[in-house]
>>> print(open('data06.txt').read())   # compact mmCIF, C-alpha atoms
# COMPACT_ATOMS: atom_id res chain seq x y z
CA MET A 69 21.49 17.78 -1.52
CA LEU A 70 21.10 18.72 2.14
CA VAL A 71 18.42 17.39 4.48
CA ARG A 72 17.18 20.07 6.88
CA THR A 73 15.29 18.03 9.44
CA ASP A 74 14.46 21.14 11.47
CA LYS A 75 12.61 22.55 8.45
CA LYS A 76 11.52 19.17 7.05
CA ALA A 77 13.00 20.22 3.73
CA LEU A 78 15.54 19.19 1.12
CA VAL A 79 17.90 21.95 0.00
CA LEU A 80 19.42 21.76 -3.48
CA LYS A 81 22.08 23.86 -5.16
CA LEU A 82 21.25 23.89 -8.87
CA ARG A 83 22.58 25.61 -11.94
CA ASN A 84 19.04 25.68 -13.29
CA PRO A 85 16.54 25.96 -10.40
CA ALA A 86 13.64 26.01 -12.86
CA LYS A 87 14.27 22.31 -13.47
CA VAL A 88 12.70 21.71 -10.07
CA THR A 89 10.51 24.74 -9.42
CA THR A 90 8.52 24.28 -12.64
CA VAL A 91 7.45 20.73 -11.73
CA VAL A 92 7.33 20.94 -7.92
CA PRO A 93 4.79 23.65 -7.01
CA THR A 94 5.77 23.56 -3.34
CA ALA A 95 9.46 24.26 -4.06
CA LYS A 96 10.78 27.67 -3.02
CA LEU A 97 13.86 29.74 -3.89
CA VAL A 98 15.91 30.81 -0.87
CA GLN A 99 18.96 33.02 -0.57
CA HIS A 100 21.95 31.88 1.47
CA ASN A 101 25.37 33.55 1.51
CA GLY A 102 24.66 35.19 -1.81
CA GLN A 103 23.59 31.90 -3.45
CA THR A 104 20.17 30.93 -4.74
CA LEU A 105 19.09 27.55 -3.41
CA VAL A 106 15.96 25.47 -3.92
CA ALA A 107 14.08 24.25 -0.84
CA VAL A 108 11.66 21.36 -1.36
CA PRO A 109 9.36 19.95 1.36
CA HIS A 110 10.73 16.58 2.42
CA ARG A 111 7.56 14.57 1.87
CA PRO A 112 6.80 11.43 -0.16
CA ASP A 113 5.04 13.27 -3.03
CA GLU A 114 7.91 15.67 -3.58
CA VAL A 115 10.53 12.93 -3.19
CA ARG A 116 8.87 10.87 -5.91
CA VAL A 117 9.01 13.82 -8.31
CA LEU A 118 12.65 14.52 -7.49
CA ARG A 119 13.54 10.89 -8.14
CA ASN A 120 11.78 11.03 -11.48
CA LEU A 121 13.99 14.03 -12.27
CA GLY A 122 17.10 11.98 -11.49
CA PHE A 123 17.84 13.18 -7.94
CA ASN A 124 18.76 10.67 -5.24
CA ALA A 125 16.30 12.02 -2.69
CA PRO A 126 16.13 10.03 0.58
CA ASP A 127 12.95 8.53 2.01
CA PRO A 128 11.43 11.08 4.42
CA MET A 129 9.84 8.67 6.89
CA GLN A 130 13.18 7.57 8.33
CA TYR A 131 13.98 11.16 9.32
CA TYR A 132 10.74 12.21 11.00
CA TYR A 133 8.93 9.15 12.35
CA LYS A 134 9.60 7.75 15.83
CA PHE A 135 8.17 4.21 15.35
CA PRO A 136 6.05 3.91 18.52
CA GLY A 137 5.65 0.59 20.28
CA ARG A 138 7.10 -1.72 22.86
CA PHE A 139 9.93 -2.99 20.68
CA LYS A 140 12.54 -1.40 18.45
CA PRO A 141 11.71 -2.16 14.80
CA PHE A 142 13.94 -4.48 12.78
CA GLN A 143 15.84 -2.90 9.92
CA ALA A 144 13.66 -4.88 7.51
CA GLN A 145 10.56 -3.33 9.07
CA ILE A 146 12.00 0.19 8.80
CA GLU A 147 12.83 -0.34 5.14
CA THR A 148 9.42 -1.86 4.44
CA ALA A 149 7.58 1.00 6.14
CA ASN A 150 9.66 3.50 4.14
CA PHE A 151 8.81 1.61 0.96
CA LEU A 152 5.07 1.56 1.65
CA SER A 153 5.01 5.26 2.52
CA MET A 154 6.64 6.05 -0.83
CA HIS A 155 4.32 3.91 -2.98
CA PRO A 156 0.54 4.50 -3.10
CA ARG A 157 0.10 1.07 -4.70
CA ALA A 158 2.43 -1.64 -3.42
CA PHE A 159 2.91 -5.26 -2.41
CA CYS A 160 4.51 -6.22 0.90
CA LEU A 161 5.78 -9.77 0.39
CA ASN A 162 7.76 -10.13 3.62
CA SER A 163 7.81 -13.66 4.99
CA MET A 164 6.03 -14.76 8.15
CA GLY A 165 7.51 -13.36 11.34
CA LEU A 166 8.65 -10.02 9.94
CA GLY A 167 5.66 -8.14 11.29
CA LYS A 168 3.74 -7.04 8.22
CA THR A 169 0.84 -5.91 10.44
CA VAL A 170 2.67 -3.40 12.61
CA THR A 171 4.88 -2.33 9.70
CA SER A 172 1.92 -1.32 7.54
CA LEU A 173 0.34 0.44 10.52
CA TRP A 174 3.57 2.39 11.11
CA ALA A 175 3.51 3.49 7.47
CA TYR A 176 -0.15 4.52 7.77
CA ASP A 177 0.49 6.40 11.01
CA TYR A 178 3.32 8.37 9.40
CA MET A 179 1.26 9.20 6.30
CA ARG A 180 -1.69 10.23 8.45
CA ASP A 181 0.53 12.62 10.41
CA ALA A 182 1.83 14.00 7.11
CA LYS A 183 -1.78 14.62 5.94
CA MET A 184 -1.31 12.29 2.97
CA VAL A 185 -4.09 9.87 3.95
CA ASN A 186 -7.04 10.07 6.28
CA LYS A 187 -8.55 6.73 7.29
CA VAL A 188 -7.57 3.13 6.53
CA LEU A 189 -9.69 0.07 5.84
CA VAL A 190 -7.98 -3.22 6.70
CA ILE A 191 -9.39 -6.27 4.91
CA CYS A 192 -8.18 -9.47 6.54
CA PRO A 193 -9.15 -13.06 7.40
CA LEU A 194 -11.83 -13.40 10.07
CA SER A 195 -9.42 -14.97 12.56
CA THR A 196 -7.08 -11.96 12.55
CA MET A 197 -9.58 -9.12 12.90
CA GLU A 198 -9.52 -8.83 16.70
CA ARG A 199 -6.47 -10.76 17.90
CA THR A 200 -4.04 -9.43 15.29
CA TRP A 201 -5.11 -6.10 13.81
CA ALA A 202 -7.30 -4.56 16.53
CA ASP A 203 -4.91 -5.73 19.26
CA GLU A 204 -1.92 -4.24 17.44
CA VAL A 205 -3.63 -0.87 17.11
CA PHE A 206 -4.51 -0.96 20.83
CA ARG A 207 -0.99 -1.92 21.95
CA THR A 208 1.14 0.22 19.64
CA PHE A 209 -1.05 3.14 18.55
CA PRO A 210 -3.16 4.30 21.52
CA HIS A 211 -3.76 7.61 19.74
CA LEU A 212 -5.66 5.84 16.94
CA ASP A 213 -9.29 4.72 17.14
CA CYS A 214 -10.06 1.29 15.70
CA THR A 215 -13.46 -0.17 14.82
CA VAL A 216 -13.96 -3.82 13.87
CA LEU A 217 -16.81 -4.19 11.37
CA TYR A 218 -18.48 -7.51 12.12
CA GLY A 219 -21.90 -9.10 12.45
CA SER A 220 -25.00 -8.52 10.35
CA ARG A 221 -25.20 -5.95 7.59
CA GLU A 222 -27.12 -3.60 9.87
CA ARG A 223 -24.53 -3.94 12.63
CA ARG A 224 -21.65 -3.35 10.21
CA LEU A 225 -23.32 -0.21 8.86
CA LYS A 226 -23.85 1.08 12.39
CA LEU A 227 -20.18 0.45 13.23
CA LEU A 228 -19.05 2.04 9.98
CA LYS A 229 -20.76 5.28 11.01
CA GLN A 230 -18.43 5.55 14.00
CA ASP A 231 -15.63 8.05 13.49
CA SER A 232 -12.47 5.93 13.58
CA ASP A 233 -9.00 6.03 12.10
CA VAL A 234 -8.78 2.30 11.40
CA TYR A 235 -11.64 0.10 10.21
CA VAL A 236 -11.14 -3.67 10.14
CA ILE A 237 -13.37 -6.02 8.17
CA ASN A 238 -13.11 -9.68 7.21
CA THR A 239 -12.33 -10.80 3.68
CA ASP A 240 -15.84 -11.95 2.78
CA GLY A 241 -17.55 -9.23 4.79
CA ILE A 242 -16.75 -6.50 2.27
CA LYS A 243 -19.49 -7.66 -0.09
CA THR A 244 -22.18 -6.98 2.52
CA ILE A 245 -21.40 -3.23 2.67
CA ALA A 246 -19.42 -2.67 -0.54
CA ASP A 247 -21.53 0.27 -1.73
CA GLU A 248 -21.23 2.04 1.61
CA LEU A 249 -17.46 1.55 1.62
CA ASN A 250 -17.31 3.00 -1.89
CA ASN A 251 -19.17 6.07 -0.69
CA ARG A 252 -16.58 6.87 1.97
CA PRO A 253 -13.95 9.06 0.29
CA ASP A 254 -12.39 9.68 3.70
CA ILE A 255 -11.28 6.04 3.68
CA ASP A 256 -8.44 6.58 1.24
CA LEU A 257 -6.09 3.72 2.14
CA ILE A 258 -6.94 0.03 1.70
CA VAL A 259 -4.70 -2.59 3.32
CA VAL A 260 -5.42 -6.12 2.12
CA ASP A 261 -3.99 -8.80 4.39
CA GLU A 262 -3.38 -12.22 2.83
CA MET A 263 -3.80 -10.84 -0.67
CA ALA A 264 -3.41 -14.30 -2.22
CA MET A 265 -7.01 -14.98 -1.17
CA PHE A 266 -7.92 -12.70 -4.11
CA ARG A 267 -5.98 -14.64 -6.75
CA ASN A 268 -9.09 -15.67 -8.74
CA SER A 269 -10.60 -12.81 -10.73
CA GLY A 270 -13.76 -14.79 -11.46
CA THR A 271 -14.98 -14.78 -7.87
CA GLU A 272 -17.41 -12.36 -6.29
CA ARG A 273 -14.76 -11.73 -3.64
CA TRP A 274 -12.29 -10.41 -6.23
CA LYS A 275 -14.89 -8.32 -8.07
CA THR A 276 -15.98 -6.66 -4.83
CA LEU A 277 -12.40 -5.78 -3.87
CA ASP A 278 -11.72 -4.44 -7.35
CA LYS A 279 -14.77 -2.21 -7.03
CA ILE A 280 -13.64 -0.88 -3.65
CA CYS A 281 -10.05 -0.25 -4.75
CA ASN A 282 -10.44 0.95 -8.32
CA LYS A 283 -13.95 2.07 -9.24
CA GLN A 284 -14.16 5.28 -7.22
CA ALA A 285 -11.69 8.06 -6.47
CA PRO A 286 -8.09 6.78 -6.45
CA ARG A 287 -7.17 5.08 -3.20
CA HIS A 288 -3.87 3.91 -1.81
CA VAL A 289 -3.72 0.11 -1.84
CA TRP A 290 -1.17 -2.02 0.01
CA ALA A 291 -1.35 -5.79 -0.41
CA LEU A 292 0.26 -8.03 2.21
CA THR A 293 1.13 -11.69 1.70
CA GLY A 294 4.09 -13.92 2.35
CA ALA A 295 2.94 -16.46 -0.27
CA PRO A 296 1.72 -14.61 -3.38
CA ILE A 297 1.61 -17.66 -5.68
CA PRO A 298 0.53 -20.61 -3.52
CA HIS A 299 -0.48 -22.81 -6.45
CA GLU A 300 0.69 -21.55 -9.84
CA PRO A 301 2.56 -18.50 -11.21
CA THR A 302 -0.75 -17.41 -12.73
CA ASP A 303 -1.98 -16.65 -9.19
CA ALA A 304 -0.15 -13.32 -9.46
CA TRP A 305 -2.27 -11.89 -12.29
CA ALA A 306 -5.53 -11.18 -10.43
CA GLN A 307 -3.65 -9.68 -7.49
CA CYS A 308 -1.70 -7.35 -9.77
CA ARG A 309 -4.90 -6.27 -11.51
CA ILE A 310 -6.18 -5.10 -8.12
CA VAL A 311 -3.06 -3.35 -6.85
CA ASN A 312 -1.89 -1.73 -10.07
CA PRO A 313 -4.29 -2.26 -12.99
CA THR A 314 -2.43 0.28 -15.15
CA ASN A 315 0.95 -1.47 -14.85
CA PRO A 316 2.15 -1.96 -18.45
CA ASN A 317 3.90 -5.18 -17.41
CA VAL A 318 0.56 -6.76 -16.43
CA PRO A 319 -1.53 -7.84 -19.43
CA LYS A 320 -5.16 -6.81 -19.42
CA TYR A 321 -6.34 -10.37 -20.04
CA PHE A 322 -5.55 -13.51 -18.05
CA GLY A 323 -4.84 -15.65 -21.12
CA ARG A 324 -1.98 -13.42 -22.17
CA PHE A 325 -0.42 -13.60 -18.71
CA ARG A 326 -0.87 -17.37 -18.60
CA ASP A 327 1.07 -17.64 -21.85
CA MET A 328 3.85 -15.54 -20.30
CA VAL A 329 4.37 -17.82 -17.29
CA MET A 330 3.02 -21.22 -18.35
CA LYS A 331 3.63 -23.62 -21.22
CA GLN A 332 0.95 -25.95 -22.55
CA ILE A 333 2.08 -29.59 -22.66
CA THR A 334 -1.19 -31.30 -23.58
CA GLN A 335 -4.73 -30.13 -24.15
CA PHE A 336 -5.38 -29.98 -20.42
CA LYS A 337 -1.91 -29.71 -18.89
CA TRP A 338 0.13 -26.56 -18.34
CA VAL A 339 3.51 -26.30 -16.60
CA PRO A 340 5.45 -23.23 -15.46
CA ARG A 341 8.02 -21.78 -17.83
CA HIS A 342 11.64 -21.76 -16.68
CA ASP A 343 11.55 -17.99 -16.13
CA ALA A 344 8.05 -17.88 -14.58
CA LEU A 345 9.24 -16.65 -11.18
CA ASP A 346 11.27 -13.90 -12.80
CA THR A 347 8.18 -12.76 -14.68
CA VAL A 348 6.08 -12.80 -11.51
CA TYR A 349 8.78 -10.82 -9.71
CA LYS A 350 8.73 -8.23 -12.49
CA VAL A 351 4.98 -7.72 -12.51
CA MET A 352 4.61 -7.62 -8.73
>>> encode(input="data06.txt", output="structure tokens")
Amino acid sequence: MLVRTDKKALVLKLRNPAKVTTVVPTAKLVQHNGQTLVAVPHRPDEVRVLRNLGFNAPDPMQYYYKFPGRFKPFQAQIETANFLSMHPRAFCLNSMGLGKTVTSLWAYDYMRDAKMVNKVLVICPLSTMERTWADEVFRTFPHLDCTVLYGSRERRLKLLKQDSDVYVINTDGIKTIADELNNRPDIDLIVVDEMAMFRNSGTERWKTLDKICNKQAPRHVWALTGAPIPHEPTDAWAQCRIVNPTNPNVPKYFGRFRDMVMKQITQFKWVPRHDALDTVYKVM
């Protein structure tokens, strides 16, 4: 497999080109020195299909994205941004200090340039709306417009009507304009900062986020948190039901997941099973 960065394409020499051309509509046959080769656009969608076919196709973001900003990204940030760009639904569980904010914005910026997403809604704690997310967009991505949705319902709706690339809203603010957010198909990426705040599926907060992420046209969803299970292993279930509700490793009902990670000692006491963290790792 050859990476042609000048053409933004992967070139494959195959005995049976139909193996790729029949499942990748954008693939093309090209002639070179009397040989028939297959050229596939080097983009996340095509790379995912090639990997499903058994090819070791490299992440495209690392070849074509310049990572703007004042500082050179850490290797962990490059790998995380590559990972997010390749997965429409994903968790970013990097620990504090590894720059989950700018990393997710890099991934969004690349996908926006590649015409894979349009606008992003960032859902975050109130204290990080301006000083973390809006400031990061201003410092690192001057070509992007950012609007912070705050204040009364009427003010938030007025701000939402502004044409921006990045919308930022606080965790509990989504319920005030949930219907309007659902009716914005151009907002096709949701980034949830501090996802562990949505670990209880019985709350209005969780139900509103589930509606925004999963009840309309499919949206990309990236969940960021450095502490996904702050209290019990069962904290993972509600978060997984938001990010990837069709994951076969995540039971549909909480009780089934609780039995997978917890063991009942008395009528009112449950303790984690010895392999609870392994189970959480698998489902997340």
>>> closest_residue(input="data06.txt", among="A:Lys134, A:Arg252, A:His211, A:Arg157", to="Lys187 (chain A)", atoms="all atoms listed in the file")
A:Arg252
>>> closest_residue(input="data06.txt", among="A:Lys75, A:Lys275, A:Lys140, A:Lys81", to="His110 (chain A)", atoms="all atoms listed in the file")
A:Lys75
>>> atom_distance(input="data06.txt", atom1="CA of Ile258 (chain A)", atom2="CA of Val289 (chain A)")
4.8 Å
>>> atom_distance(input="data06.txt", atom1="CA of Thr89 (chain A)", atom2="CA of Asn124 (chain A)")
16.8 Å
>>> atom_distance(input="data06.txt", atom1="CA of Asp303 (chain A)", atom2="CA of Lys337 (chain A)")
16.3 Å
>>> residues_near_point(input="data06.txt", point="(2.8, -25.6, -20.1)", cutoff="12 Å", atoms="only C-alpha atoms", output="list of chain:residue names")
A:Glu300, A:Pro301, A:Thr302, A:Arg326, A:Asp327, A:Met328, A:Val329, A:Met330, A:Lys331, A:Gln332, A:Ile333, A:Thr334, A:Gln335, A:Phe336, A:Lys337, A:Trp338, A:Val339, A:Pro340, A:Arg341, A:His342, A:Ala344
>>> write_last_selection(input="data06.txt", atoms="C-alpha atoms", output="PDB file, in the frame of the given file")
ATOM      1  CA  GLU A 300       0.690 -21.550  -9.840  1.00  0.00           C
ATOM      2  CA  PRO A 301       2.560 -18.500 -11.210  1.00  0.00           C
ATOM      3  CA  THR A 302      -0.750 -17.410 -12.730  1.00  0.00           C
ATOM      4  CA  ARG A 326      -0.870 -17.370 -18.600  1.00  0.00           C
ATOM      5  CA  ASP A 327       1.070 -17.640 -21.850  1.00  0.00           C
ATOM      6  CA  MET A 328       3.850 -15.540 -20.300  1.00  0.00           C
ATOM      7  CA  VAL A 329       4.370 -17.820 -17.290  1.00  0.00           C
ATOM      8  CA  MET A 330       3.020 -21.220 -18.350  1.00  0.00           C
ATOM      9  CA  LYS A 331       3.630 -23.620 -21.220  1.00  0.00           C
ATOM     10  CA  GLN A 332       0.950 -25.950 -22.550  1.00  0.00           C
ATOM     11  CA  ILE A 333       2.080 -29.590 -22.660  1.00  0.00           C
ATOM     12  CA  THR A 334      -1.190 -31.300 -23.580  1.00  0.00           C
ATOM     13  CA  GLN A 335      -4.730 -30.130 -24.150  1.00  0.00           C
ATOM     14  CA  PHE A 336      -5.380 -29.980 -20.420  1.00  0.00           C
ATOM     15  CA  LYS A 337      -1.910 -29.710 -18.890  1.00  0.00           C
ATOM     16  CA  TRP A 338       0.130 -26.560 -18.340  1.00  0.00           C
ATOM     17  CA  VAL A 339       3.510 -26.300 -16.600  1.00  0.00           C
ATOM     18  CA  PRO A 340       5.450 -23.230 -15.460  1.00  0.00           C
ATOM     19  CA  ARG A 341       8.020 -21.780 -17.830  1.00  0.00           C
ATOM     20  CA  HIS A 342      11.640 -21.760 -16.680  1.00  0.00           C
ATOM     21  CA  ALA A 344       8.050 -17.880 -14.580  1.00  0.00           C
TER      22      ALA A 344
END
>>> residues_near_point(input="data06.txt", point="(0.8, 4.4, -1.5)", cutoff="8 Å", atoms="all atoms listed in the file", output="PDB file with C-alpha atoms, in the frame of the given file")
ATOM      1  CA  LEU A 152       5.070   1.560   1.650  1.00  0.00           C
ATOM      2  CA  SER A 153       5.010   5.260   2.520  1.00  0.00           C
ATOM      3  CA  MET A 154       6.640   6.050  -0.830  1.00  0.00           C
ATOM      4  CA  HIS A 155       4.320   3.910  -2.980  1.00  0.00           C
ATOM      5  CA  PRO A 156       0.540   4.500  -3.100  1.00  0.00           C
ATOM      6  CA  ARG A 157       0.100   1.070  -4.700  1.00  0.00           C
ATOM      7  CA  ALA A 158       2.430  -1.640  -3.420  1.00  0.00           C
ATOM      8  CA  LEU A 257      -6.090   3.720   2.140  1.00  0.00           C
ATOM      9  CA  HIS A 288      -3.870   3.910  -1.810  1.00  0.00           C
ATOM     10  CA  VAL A 289      -3.720   0.110  -1.840  1.00  0.00           C
ATOM     11  CA  TRP A 290      -1.170  -2.020   0.010  1.00  0.00           C
TER      12      TRP A 290
END
>>> closest_residue(input="data06.txt", among="A:Met164, A:Cys281, A:Pro210, A:Ala175", to="Tyr133 (chain A)", atoms="only C-alpha atoms")
A:Ala175
>>> closest_residue(input="data06.txt", among="A:Val117, A:Leu292, A:Ala285, A:Val351", to="Ala304 (chain A)", atoms="all atoms listed in the file")
A:Val351
>>> closest_residue(input="data06.txt", among="A:Thr244, A:Asn186, A:Phe206, A:Pro253", to="Ser220 (chain A)", atoms="all atoms listed in the file")
A:Thr244
>>> closest_residue(input="data06.txt", among="A:Arg309, A:Arg83, A:Arg324, A:Arg138", to="Thr208 (chain A)", atoms="all atoms listed in the file")
A:Arg138
>>> residues_around(input="data06.txt", residues="Thr171 (chain A)", least_positions_apart="4", cutoff="10 Å", atoms="all atoms listed in the file", output="JSON, numbers by chain")
{"A": [135, 141, 142, 144, 145, 146, 147, 148, 149, 150, 152, 160, 166, 167, 175, 176, 177]}
>>> residues_around(input="data06.txt", residues="Thr293 (chain A)", least_positions_apart="5", cutoff="10 Å", atoms="all atoms listed in the file", output="number ranges by chain")
A: 159-164, 168, 260-265
